[in-house]
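Participant: Input file: model_28.txt. Contents: compact mmCIF, C-alpha atoms and all ligand atoms.
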# COMPACT_ATOMS: atom_id res chain seq x y z
CA MET A 78 25.71 18.95 9.19
CA THR A 79 22.27 20.52 8.99
CA ASP A 80 21.14 21.15 5.43
CA ALA A 81 17.64 19.72 5.66
CA TYR A 82 14.51 20.55 7.64
CA VAL A 83 11.46 18.45 8.43
CA ALA A 84 8.38 20.44 9.50
CA ILE A 85 5.62 18.52 11.25
CA GLU A 86 2.20 19.55 12.49
CA GLY A 87 2.39 22.21 15.18
CA GLU A 88 5.06 23.85 12.98
CA ARG A 89 7.82 22.02 14.83
CA VAL A 90 10.96 21.80 12.72
CA ILE A 91 13.45 18.93 13.04
CA GLU A 92 16.96 19.33 11.65
CA ALA A 93 18.47 16.69 9.39
CA ARG A 94 21.07 16.01 6.70
CA SER A 95 20.12 16.15 3.01
CA ARG A 96 20.77 12.93 1.07
CA SER A 97 18.67 13.86 -1.94
CA PRO A 98 17.80 17.55 -2.36
CA GLY A 99 14.44 19.18 -3.01
CA THR A 100 11.25 20.26 -1.31
CA THR A 101 8.36 17.92 -0.72
CA ARG A 102 5.29 17.24 1.38
CA GLY A 103 2.98 14.40 2.28
CA GLU A 104 1.43 12.39 5.06
CA LEU A 105 4.19 11.33 7.45
CA VAL A 106 4.07 7.59 8.22
CA PHE A 107 6.53 4.99 9.46
CA THR A 108 7.30 1.38 8.69
CA THR A 109 8.93 -0.99 11.15
CA ALA A 110 10.14 -3.27 8.32
CA TYR A 111 13.80 -4.13 8.95
CA THR A 112 14.31 -5.44 5.43
CA GLY A 113 12.80 -4.80 2.01
CA TYR A 114 13.47 -1.09 1.58
CA GLU A 115 13.53 -1.46 -2.23
CA GLU A 116 10.12 -3.13 -2.21
CA SER A 117 8.67 -0.58 0.22
CA LEU A 118 9.96 2.38 -1.76
CA THR A 119 8.45 1.05 -5.00
CA ASP A 120 5.10 0.06 -3.44
CA PRO A 121 2.46 2.29 -5.11
CA SER A 122 0.43 2.33 -1.88
CA TYR A 123 2.93 4.89 -0.50
CA GLU A 124 1.96 7.51 -3.12
CA GLU A 125 1.59 10.99 -1.51
CA GLN A 126 3.23 9.86 1.74
CA LEU A 127 6.59 10.54 3.38
CA LEU A 128 8.08 7.27 4.58
CA THR A 129 10.12 7.06 7.78
CA PHE A 130 12.06 3.85 8.32
CA SER A 131 12.24 2.94 12.01
CA TYR A 132 15.04 0.46 11.26
CA PRO A 133 18.20 2.56 11.65
CA LEU A 134 20.26 1.56 8.60
CA ILE A 135 18.65 1.63 5.16
CA GLY A 136 20.51 0.43 2.06
CA ASN A 137 22.93 -2.12 3.52
CA TYR A 138 22.45 -4.62 0.67
CA GLY A 139 22.35 -2.22 -2.27
CA VAL A 140 19.63 -1.42 -4.78
CA ARG A 141 18.55 -4.02 -7.34
CA GLU A 142 15.80 -3.58 -9.87
CA GLU A 143 14.70 -7.24 -9.66
CA ARG A 144 13.28 -6.44 -6.26
CA PHE A 145 11.20 -3.43 -7.34
CA GLU A 146 7.41 -3.63 -6.99
CA SER A 147 6.78 -1.04 -9.73
CA ASP A 148 8.76 1.16 -12.10
CA ARG A 149 9.39 4.08 -9.74
CA ILE A 150 9.70 5.29 -6.14
CA HIS A 151 6.28 6.19 -4.74
CA PRO A 152 6.72 7.95 -1.39
CA ARG A 153 7.24 11.67 -2.03
CA GLY A 154 10.11 11.71 0.46
CA VAL A 155 12.17 9.37 2.62
CA LEU A 156 13.46 9.70 6.19
CA ALA A 157 16.02 7.39 7.80
CA ARG A 158 18.45 7.43 10.67
CA GLU A 159 21.25 6.47 8.26
CA MET A 160 20.93 5.98 4.50
CA THR A 161 23.68 4.41 2.37
CA ASP A 162 25.00 6.12 -0.75
CA ASP A 163 23.26 3.50 -2.94
CA VAL A 164 19.86 4.56 -1.66
CA ALA A 165 20.72 8.27 -1.67
CA GLU A 166 21.82 8.04 -5.32
CA TRP A 167 18.66 6.17 -6.27
CA LEU A 168 16.54 8.89 -4.63
CA GLN A 169 18.56 11.59 -6.43
CA GLU A 170 18.11 9.87 -9.81
CA GLU A 171 14.35 9.78 -9.30
CA GLU A 172 14.31 13.29 -7.81
CA VAL A 173 12.71 12.13 -4.57
CA PRO A 174 13.98 14.13 -1.57
CA GLY A 175 15.62 12.13 1.20
CA VAL A 176 17.03 13.02 4.63
CA ASP A 177 18.96 11.21 7.34
CA HIS A 178 20.89 11.95 10.55
CA LEU A 179 17.69 12.75 12.43
CA ASP A 180 16.20 10.98 15.42
CA THR A 181 13.72 8.67 13.72
CA ARG A 182 12.76 7.19 17.13
CA GLU A 183 11.40 10.62 18.04
CA ILE A 184 9.41 10.81 14.79
CA VAL A 185 7.97 7.32 15.28
CA THR A 186 6.99 8.13 18.88
CA GLU A 187 5.39 11.38 17.75
CA ILE A 188 3.34 9.59 15.05
CA ARG A 189 2.31 6.88 17.52
CA ASP A 190 1.12 9.53 19.99
CA GLU A 191 -0.42 12.02 17.57
CA GLY A 192 -1.30 9.85 14.57
CA ALA A 193 -0.14 10.08 10.95
CA MET A 194 0.36 13.78 10.26
CA LYS A 195 1.02 16.34 7.55
CA CYS A 196 4.68 17.07 6.96
CA GLY A 197 6.93 19.26 4.79
CA ILE A 198 10.60 18.71 3.94
CA ALA A 199 13.24 21.04 2.51
CA ALA A 200 16.65 19.49 1.75
CA GLY A 201 19.83 20.70 0.06
CA PRO A 202 22.34 23.57 0.30
CA ASP A 203 19.74 26.33 -0.07
CA ALA A 204 17.03 24.76 2.09
CA THR A 205 15.53 26.80 4.92
CA GLU A 206 13.19 26.10 7.83
CA GLU A 207 10.66 28.41 6.17
CA ASP A 208 10.69 26.27 3.01
CA ALA A 209 9.84 23.21 5.07
CA ILE A 210 7.01 25.04 6.86
CA GLU A 211 5.71 26.35 3.53
CA GLN A 212 5.57 22.74 2.27
CA LEU A 213 3.76 21.70 5.45
CA HIS A 214 1.11 24.39 4.86
CA GLN A 215 0.53 23.13 1.31
CA CYS A 216 0.17 19.50 2.41
CA LYS A 217 -3.24 17.94 1.85
CA HIS A 218 -5.03 15.34 3.92
CA MET A 219 -4.83 11.86 2.31
CA SER A 220 -8.58 11.81 1.59
CA GLU A 221 -8.26 15.06 -0.40
CA HIS A 222 -6.26 13.23 -3.08
CA THR A 223 -9.50 12.29 -4.77
CA ASP A 224 -8.07 10.96 -8.05
CA ILE A 225 -4.98 9.26 -6.64
CA GLY A 226 -5.78 6.11 -8.64
CA SER A 227 -4.85 7.93 -11.87
CA GLN A 228 -1.32 8.50 -10.51
CA VAL A 229 -0.58 4.80 -10.02
CA SER A 230 -2.75 2.68 -12.30
CA VAL A 231 -2.04 1.35 -15.80
CA ARG A 232 -3.73 3.49 -18.46
CA ASP A 233 -4.65 0.66 -20.81
CA ALA A 234 -5.58 -2.94 -20.20
CA THR A 235 -2.51 -5.21 -20.25
CA VAL A 236 -2.44 -8.99 -20.26
CA HIS A 237 0.20 -11.12 -18.51
CA ASN A 238 0.85 -14.83 -19.16
CA GLU A 239 -1.51 -14.99 -22.12
CA GLY A 240 -2.25 -18.63 -22.98
CA GLY A 241 -1.61 -19.77 -19.39
CA SER A 242 -3.52 -22.87 -18.31
CA GLY A 243 -4.98 -21.26 -15.16
CA PRO A 244 -8.07 -19.08 -14.76
CA ASP A 245 -8.52 -15.59 -16.18
CA VAL A 246 -8.15 -12.96 -13.47
CA ALA A 247 -9.51 -9.44 -13.99
CA LEU A 248 -7.16 -7.43 -11.79
CA VAL A 249 -8.46 -3.91 -11.19
CA ASP A 250 -5.17 -2.04 -10.81
CA CYS A 251 -5.60 0.60 -8.12
CA GLY A 252 -1.80 0.70 -7.74
CA ALA A 253 -0.98 -3.02 -7.83
CA LYS A 254 2.33 -4.31 -6.50
CA GLY A 255 4.25 -6.40 -9.05
CA SER A 256 4.40 -9.32 -6.62
CA ILE A 257 0.62 -9.73 -6.72
CA ILE A 258 0.76 -10.19 -10.49
CA GLU A 259 3.78 -12.51 -10.10
CA SER A 260 2.01 -14.62 -7.46
CA LEU A 261 -0.93 -15.13 -9.82
CA ILE A 262 1.31 -15.92 -12.80
CA GLU A 263 3.24 -18.48 -10.71
CA ARG A 264 -0.09 -20.31 -10.48
CA ASP A 265 -0.40 -20.03 -14.26
CA ALA A 266 -3.31 -17.59 -14.13
CA VAL A 267 -3.84 -15.26 -17.07
CA VAL A 268 -3.80 -11.80 -15.50
CA HIS A 269 -5.74 -9.01 -17.18
CA GLN A 270 -4.50 -5.83 -15.56
CA LEU A 271 -7.26 -3.23 -15.95
CA PRO A 272 -7.22 0.52 -15.17
CA TYR A 273 -8.52 1.56 -11.72
CA ASP A 274 -11.55 3.15 -13.38
CA ALA A 275 -12.37 0.19 -15.68
CA THR A 276 -15.98 0.02 -16.76
CA GLU A 277 -18.34 -2.94 -16.60
CA ALA A 278 -17.82 -3.47 -20.35
CA GLU A 279 -14.02 -3.49 -19.96
CA VAL A 280 -14.29 -6.20 -17.30
CA GLU A 281 -16.72 -8.24 -19.40
CA ALA A 282 -14.42 -7.95 -22.42
CA VAL A 283 -11.79 -10.14 -20.74
CA ASP A 284 -14.36 -12.76 -19.71
CA PRO A 285 -12.79 -13.33 -16.28
CA ASP A 286 -13.19 -16.23 -13.84
CA VAL A 287 -12.56 -13.96 -10.87
CA LEU A 288 -12.56 -10.22 -10.16
CA PHE A 289 -9.56 -9.10 -8.09
CA ILE A 290 -9.22 -5.59 -6.61
CA SER A 291 -5.58 -4.67 -5.92
CA ASN A 292 -3.87 -2.72 -3.18
CA GLY A 293 -3.51 1.02 -3.68
CA PRO A 294 -2.84 4.40 -2.08
CA GLY A 295 -5.05 6.85 -0.23
CA ASP A 296 -8.62 6.73 0.96
CA PRO A 297 -10.58 3.71 -0.36
CA GLU A 298 -13.70 5.90 -0.59
CA ASN A 299 -12.01 7.69 -3.48
CA PHE A 300 -12.05 4.50 -5.60
CA GLU A 301 -15.71 4.82 -6.51
CA GLN A 302 -15.57 3.15 -9.90
CA ALA A 303 -13.85 0.04 -8.50
CA GLY A 304 -16.67 -0.10 -5.93
CA GLU A 305 -19.27 0.09 -8.68
CA ILE A 306 -17.60 -2.80 -10.50
CA VAL A 307 -17.76 -4.86 -7.29
CA GLU A 308 -21.49 -4.10 -6.91
CA GLU A 309 -22.00 -4.99 -10.55
CA PHE A 310 -20.32 -8.40 -10.45
CA VAL A 311 -20.96 -9.64 -6.91
CA GLY A 312 -22.78 -12.97 -7.10
CA GLU A 313 -21.86 -13.34 -10.78
CA LEU A 314 -18.10 -13.70 -10.32
CA PRO A 315 -15.96 -14.68 -7.34
CA LEU A 316 -14.32 -11.64 -5.74
CA ALA A 317 -10.89 -11.22 -4.20
CA GLY A 318 -9.04 -8.23 -2.82
CA ILE A 319 -5.84 -7.25 -1.09
CA CYS A 320 -5.51 -4.27 1.26
CA LEU A 321 -7.27 -1.37 -0.54
CA GLY A 322 -9.06 -4.20 -2.38
CA GLN A 323 -10.55 -5.47 0.88
CA GLN A 324 -11.60 -1.94 1.81
CA VAL A 325 -13.23 -1.24 -1.58
CA VAL A 326 -15.13 -4.56 -1.46
CA ALA A 327 -16.36 -3.84 2.09
CA ASN A 328 -17.50 -0.31 1.19
CA ALA A 329 -19.29 -1.55 -1.93
CA LEU A 330 -21.15 -4.28 -0.06
CA GLY A 331 -22.66 -2.16 2.71
CA GLY A 332 -19.66 -1.83 5.01
CA ARG A 333 -17.65 1.20 6.07
CA THR A 334 -13.95 2.09 6.29
CA GLU A 335 -12.29 4.63 8.57
CA LYS A 336 -8.86 6.19 9.01
CA MET A 337 -6.64 4.57 11.61
CA GLU A 338 -4.55 6.51 14.08
CA PHE A 339 -1.15 5.61 12.56
CA GLY A 340 -1.85 2.45 10.59
CA HIS A 341 0.04 -0.81 10.21
CA ARG A 342 3.29 -0.77 8.26
CA GLY A 343 5.83 -3.51 8.77
CA VAL A 344 6.65 -7.14 8.16
CA ASN A 345 5.73 -8.77 11.48
CA GLN A 346 2.07 -8.02 12.06
CA PRO A 347 0.42 -11.05 13.73
CA VAL A 348 -2.94 -12.15 12.33
CA ARG A 349 -5.24 -14.77 13.87
CA ASP A 350 -7.54 -16.92 11.75
CA LEU A 351 -10.72 -17.09 13.83
CA ARG A 352 -11.70 -20.49 12.41
CA THR A 353 -8.43 -22.37 12.96
CA ASP A 354 -6.97 -20.20 15.75
CA GLN A 355 -3.72 -20.23 13.81
CA VAL A 356 -1.59 -17.07 13.93
CA VAL A 357 0.49 -16.04 10.92
CA MET A 358 3.02 -13.25 10.52
CA THR A 359 2.14 -10.79 7.80
CA THR A 360 3.45 -7.83 5.84
CA GLN A 361 1.26 -4.74 6.04
CA ASN A 362 1.01 -1.21 4.73
CA HIS A 363 -2.27 0.50 5.42
CA GLY A 364 -3.68 3.57 7.14
CA TYR A 365 -7.40 2.83 6.74
CA THR A 366 -9.34 -0.12 8.11
CA VAL A 367 -12.75 -1.74 7.75
CA ALA A 368 -14.73 -0.34 10.70
CA ASP A 369 -17.92 -2.18 9.74
CA PRO A 370 -17.92 -5.12 7.29
CA GLY A 371 -21.67 -4.77 6.60
CA ASP A 372 -23.99 -7.78 6.70
CA LYS A 373 -22.68 -9.64 3.62
CA LEU A 374 -19.11 -10.19 4.82
CA GLU A 375 -17.86 -12.26 7.72
CA VAL A 376 -14.68 -11.27 9.56
CA THR A 377 -12.58 -14.44 9.45
CA GLN A 378 -9.20 -13.05 10.55
CA ARG A 379 -8.19 -10.36 13.02
CA ASN A 380 -5.04 -8.49 13.96
CA VAL A 381 -3.67 -9.85 17.24
CA ASN A 382 -2.42 -6.41 18.37
CA ASP A 383 -5.54 -4.30 17.87
CA ASP A 384 -8.30 -6.69 16.73
CA THR A 385 -8.91 -4.90 13.41
CA PRO A 386 -10.35 -7.06 10.58
CA GLU A 387 -7.66 -8.75 8.48
CA GLY A 388 -9.76 -11.13 6.43
CA LEU A 389 -13.33 -10.98 5.09
CA ASP A 390 -15.12 -13.90 3.45
CA ASN A 391 -18.47 -14.88 2.05
CA GLU A 392 -18.54 -18.54 1.07
CA ASP A 393 -21.87 -18.41 -0.76
CA LEU A 394 -20.90 -15.45 -2.90
CA GLY A 395 -17.28 -16.63 -3.31
CA ILE A 396 -15.55 -13.64 -1.73
CA ILE A 397 -12.15 -13.59 -0.01
CA THR A 398 -10.23 -10.47 0.87
CA ARG A 399 -7.18 -9.74 3.00
CA GLN A 400 -6.08 -6.48 4.65
CA TYR A 401 -2.44 -7.60 4.76
CA HIS A 402 -0.15 -8.53 1.87
CA PRO A 403 -0.06 -12.32 1.28
CA GLU A 404 2.44 -11.73 -1.55
CA ALA A 405 4.79 -10.29 1.11
CA ASN A 406 7.99 -8.92 -0.55
CA PRO A 407 9.27 -7.82 1.79
CA GLY A 408 8.18 -10.18 4.48
CA PRO A 409 7.18 -13.62 5.64
CA HIS A 410 5.50 -16.10 3.29
CA ASP A 411 3.10 -17.52 5.90
CA SER A 412 0.01 -16.47 3.98
CA LEU A 413 0.98 -17.18 0.34
CA SER A 414 -1.76 -19.85 0.22
CA PHE A 415 -4.24 -16.99 -0.21
CA PHE A 416 -3.40 -17.09 -3.92
CA ASP A 417 -4.16 -20.84 -4.07
CA ASP A 418 -7.54 -20.07 -2.51
CA VAL A 419 -8.22 -17.38 -5.12
CA ILE A 420 -7.31 -19.77 -7.96
CA GLU A 421 -9.53 -22.46 -6.44
CA LEU A 422 -12.46 -20.02 -6.22
CA ALA A 423 -11.93 -19.02 -9.85
CA GLU A 424 -11.84 -22.65 -11.00
CA GLU A 425 -15.01 -23.71 -9.19
N1 LIG A 501 -1.55 -1.13 0.73
C1 LIG A 501 -2.78 -0.68 0.51
O1 LIG A 501 -3.48 -1.15 -0.36
C2 LIG A 501 -3.22 0.50 1.36
C3 LIG A 501 -4.70 0.74 1.33
C4 LIG A 501 -5.09 2.13 1.77
N2 LIG A 501 -4.50 3.12 0.93
C5 LIG A 501 -4.72 2.36 3.21
O2 LIG A 501 -3.80 3.09 3.50
O3 LIG A 501 -5.34 1.79 4.09
When written as structure tokens, how does the structure in this file appear?

Facilitator:
Amino acid sequence: MTDAYVAIEGERVIEARSRSPGTTRGELVFTTAYTGYEESLTDPSYEEQLLTFSYPLIGNYGVREERFESDRIHPRGVLAREMTDDVAEWLQEEEVPGVDHLDTREIVTEIRDEGAMKCGIAAGPDATEEDAIEQLHQCKHMSEHTDIGSQVSVRDATVHNEGGSGPDVALVDCGAKGSIIESLIERDAVVHQLPYDATEAEVEAVDPDVLFISNGPGDPENFEQAGEIVEEFVGELPLAGICLGQQVVANALGGRTEKMEFGHRGVNQPVRDLRTDQVVMTTQNHGYTVADPGDKLEVTQRNVNDDTPEGLDNEDLGIITRQYHPEANPGPHDSLSFFDDVIELAEE
């Protein structure tokens, strides 16, 4: 049954089945993750995107809140070859449009050939092709979402694990996944979750042992205030970052980020540590990359598939950042020791 339309760049319309009705638009991306759909759908880094699952069946083990990475679904729409009722109902409850019964292999191939692209979706009994095209025309480029941090960050500073015996971490929340906070708490750190636009005074107020910039959606160049905080505290405090965090740190310290063709999204991205030659499997979700680390940061890890920087360090200044997600969820736990390294830096 065709009661949903997906319009992609070039005004090509693909027919589908509605699983959660509504109209929506966003940057069309895909993940190759074959597990972890609850974690992916609640990852704030997917804000303003439409997520296509390349794995054909989504929802086969239900929907459980314990596995959520935040308190809501972040992609603006979801595309799958086949979606179970559990997932469809979850999307309906949160009013996020979802479609299935379309050839997701074709969409993935298209994105791989043409790059991440603008997309519009219209789903439900009254949906028309024109509605989907109208949505496509209204779709913005990711970098045009200039205040995307405000859509995903905490509004007020929040403390987790107060009284913990570990170091105090100032976590600048640019859209932090819950598992990052959990991974720090498991090491008994006291985590001060600060808004994405926290000021120097707000960071100083929590008297941290380390400054940690979280993952987050959109173009890292739009997180100017987080960059200023990095410039302010570099050399004074150890610095850590994950994904958008790595990008913000690089931009602040004289480097440069750029948009990738179609990004890395999945749970089996191989990363080589250039010092040990060891390769680990990692979870990833990013569409930008560090094109130039600047002269303060050393590239210590690279992606085996395309050589892009996966880890940046500066031993003297106490900086470690990762482009991938050491906290995984979903994904392999090969790189969880990143959090031990952060704690060690903070305790030095
Ligand atoms: N997961 C993230 O932090 C993503 C970072 C950034 N928004 C990108 O797409 O590259």

Participant: Residues within 8 Å of Thr79 in chain A, please, as a ChimeraX atom specification. Count all atoms listed in the file; anything in the same chain fewer than 6 positions from it doesn't count.

Facilitator: /A:92-95

Participant: Any idea what's packed within 9 Å of Leu394 in chain A, counting all atoms listed in the file, ignoring anything in its chain fewer than 6 positions away? Could you give it as a PyMOL selection string?

Facilitator: chain A and resi 311-316+373

Participant: Write out as a ChimeraX atom specification the residues lying within 8 Å of Asp411 in chain A, counting only C-alpha atoms and excluding same-chain residues fewer than 6 positions away.

Facilitator: /A:357-359,403

Participant: Could the residues in this selection be written to a file with C-alpha atoms, as a short mmCIF file (atom, residue, chain, number, x, y, z; two decimals), keeping the file's coordinate frame?

Facilitator:
data_model
loop_
_atom_site.label_atom_id
_atom_site.label_comp_id
_atom_site.auth_asym_id
_atom_site.auth_seq_id
_atom_site.Cartn_x
_atom_site.Cartn_y
_atom_site.Cartn_z
CA VAL A 357 0.49 -16.04 10.92
CA MET A 358 3.02 -13.25 10.52
CA THR A 359 2.14 -10.79 7.80
CA PRO A 403 -0.06 -12.32 1.28
#

Participant: What does the distance from CA of Val106 in chain A to CA of Glu88 in chain A come to in Å, to one decimal?

Facilitator: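 Going from CA of Val106 in chain A over to CA of Glu88 in chain A, I get 17.0 Å.
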
Participant: Within 8 Å of ligand LIG 501 (chain A), which residues show up when you count all atoms listed in the file? List them as a list in words, please.

Facilitator: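 Within the 8 Å cut-off, the matching residues are Asp120, Pro121, Ser122, Tyr123, Gly252, Ser291, Asn292, Gly293, Pro294, Gly295, Asp296, Pro297, Ile319, Cys320, Leu321, Gly322, Gln324, Lys336, Gly340, Gln361, Asn362, His363, Gly364, Tyr365, Thr366, Gln400, Tyr401 and His402 of chain A.
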
Participant: Using only C-alpha atoms for the distances, tell me which of A:Gln215, A:Asn406, A:Ser260, A:Gln228 is nearest to Glu143 in chain A.

Facilitator: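 Closest candidate: A:Asn406.
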
Participant: Env of Ile150 in chain A: 10 Å cut, atoms = only C-alpha atoms, seq-sep filter 5 positions within chain, self excluded. Answer as a list in words.

Facilitator: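 My list of contacting residues is Glu115, Glu116, Ser117, Leu118, Thr119, Asp120, Pro121, Tyr123, Glu124, Phe145, Val155, Trp167, Leu168, Glu171, Glu172 and Val173 of chain A.
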
Participant: Determine the axis-aligned bounding box of all atoms of range 86-89 of chain A present in the file, pad each side by 5 Å, and express its centre and edge lengths in Å to one decimal place as JSON.

Facilitator:
{"center_x": 5.0, "center_y": 21.7, "center_z": 13.8, "size_x": 15.6, "size_y": 14.3, "size_z": 12.7}

Participant: List as a ChimeraX atom specification: which residues have an atom within 10 Å of (-15.9, -4.9, -1.5), counting only C-alpha atoms?

Facilitator: /A:290,303-308,311,316-318,321-333,370-371,373-374,389,396-398

Participant: How about saving the chosen residues, C-alpha atoms kept, as a PDB file, in the frame of the given file?

Facilitator:
ATOM      1  CA  ILE A 290      -9.220  -5.590  -6.610  1.00  0.00           C
ATOM      2  CA  ALA A 303     -13.850   0.040  -8.500  1.00  0.00           C
ATOM      3  CA  GLY A 304     -16.670  -0.100  -5.930  1.00  0.00           C
ATOM      4  CA  GLU A 305     -19.270   0.090  -8.680  1.00  0.00           C
ATOM      5  CA  ILE A 306     -17.600  -2.800 -10.500  1.00  0.00           C
ATOM      6  CA  VAL A 307     -17.760  -4.860  -7.290  1.00  0.00           C
ATOM      7  CA  GLU A 308     -21.490  -4.100  -6.910  1.00  0.00           C
ATOM      8  CA  VAL A 311     -20.960  -9.640  -6.910  1.00  0.00           C
ATOM      9  CA  LEU A 316     -14.320 -11.640  -5.740  1.00  0.00           C
ATOM     10  CA  ALA A 317     -10.890 -11.220  -4.200  1.00  0.00           C
ATOM     11  CA  GLY A 318      -9.040  -8.230  -2.820  1.00  0.00           C
ATOM     12  CA  LEU A 321      -7.270  -1.370  -0.540  1.00  0.00           C
ATOM     13  CA  GLY A 322      -9.060  -4.200  -2.380  1.00  0.00           C
ATOM     14  CA  GLN A 323     -10.550  -5.470   0.880  1.00  0.00           C
ATOM     15  CA  GLN A 324     -11.600  -1.940   1.810  1.00  0.00           C
ATOM     16  CA  VAL A 325     -13.230  -1.240  -1.580  1.00  0.00           C
ATOM     17  CA  VAL A 326     -15.130  -4.560  -1.460  1.00  0.00           C
ATOM     18  CA  ALA A 327     -16.360  -3.840   2.090  1.00  0.00           C
ATOM     19  CA  ASN A 328     -17.500  -0.310   1.190  1.00  0.00           C
ATOM     20  CA  ALA A 329     -19.290  -1.550  -1.930  1.00  0.00           C
ATOM     21  CA  LEU A 330     -21.150  -4.280  -0.060  1.00  0.00           C
ATOM     22  CA  GLY A 331     -22.660  -2.160   2.710  1.00  0.00           C
ATOM     23  CA  GLY A 332     -19.660  -1.830   5.010  1.00  0.00           C
ATOM     24  CA  ARG A 333     -17.650   1.200   6.070  1.00  0.00           C
ATOM     25  CA  PRO A 370     -17.920  -5.120   7.290  1.00  0.00           C
ATOM     26  CA  GLY A 371     -21.670  -4.770   6.600  1.00  0.00           C
ATOM     27  CA  LYS A 373     -22.680  -9.640   3.620  1.00  0.00           C
ATOM     28  CA  LEU A 374     -19.110 -10.190   4.820  1.00  0.00           C
ATOM     29  CA  LEU A 389     -13.330 -10.980   5.090  1.00  0.00           C
ATOM     30  CA  ILE A 396     -15.550 -13.640  -1.730  1.00  0.00           C
ATOM     31  CA  ILE A 397     -12.150 -13.590  -0.010  1.00  0.00           C
ATOM     32  CA  THR A 398     -10.230 -10.470   0.870  1.00  0.00           C
TER      33      THR A 398
END

Participant: Given all atoms listed in the file as the basis, pick out the residue of A:Gln355, A:Val287, A:Asp390, A:Leu422 nearest to Asp372 in chain A.

Facilitator: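 Ranking A:Gln355, A:Val287, A:Asp390, A:Leu422 by distance to Asp372 in chain A, first place goes to A:Asp390.
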
Participant: Counting only C-alpha atoms, which of A:Glu191, A:Glu281, A:Glu104, A:Glu206 gets nearest to Ala84 in chain A?

Facilitator: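 When distances to Ala84 in chain A are compared using only C-alpha atoms, the smallest one comes from A:Glu206.
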
Participant: Which polymer residues, whether protein, DNA or RNA, lie within 10 Å of the coordinate (-6.7, 0.1, -14.5) when you count all atoms listed in the file? List them as a PyMOL selection string, using the chain letters and numbers from the file.

Facilitator: chain A and resi 226-227+229-235+247-253+269-276+279+291+303

Participant: Write out as a PyMOL selection string each polymer residue whose atoms come within 12 Å of Asp265 in chain A, counting all atoms listed in the file; drop sequence neighbours fewer than 6 positions from it.

Facilitator: chain A and resi 237-246+258-259+416-417+420
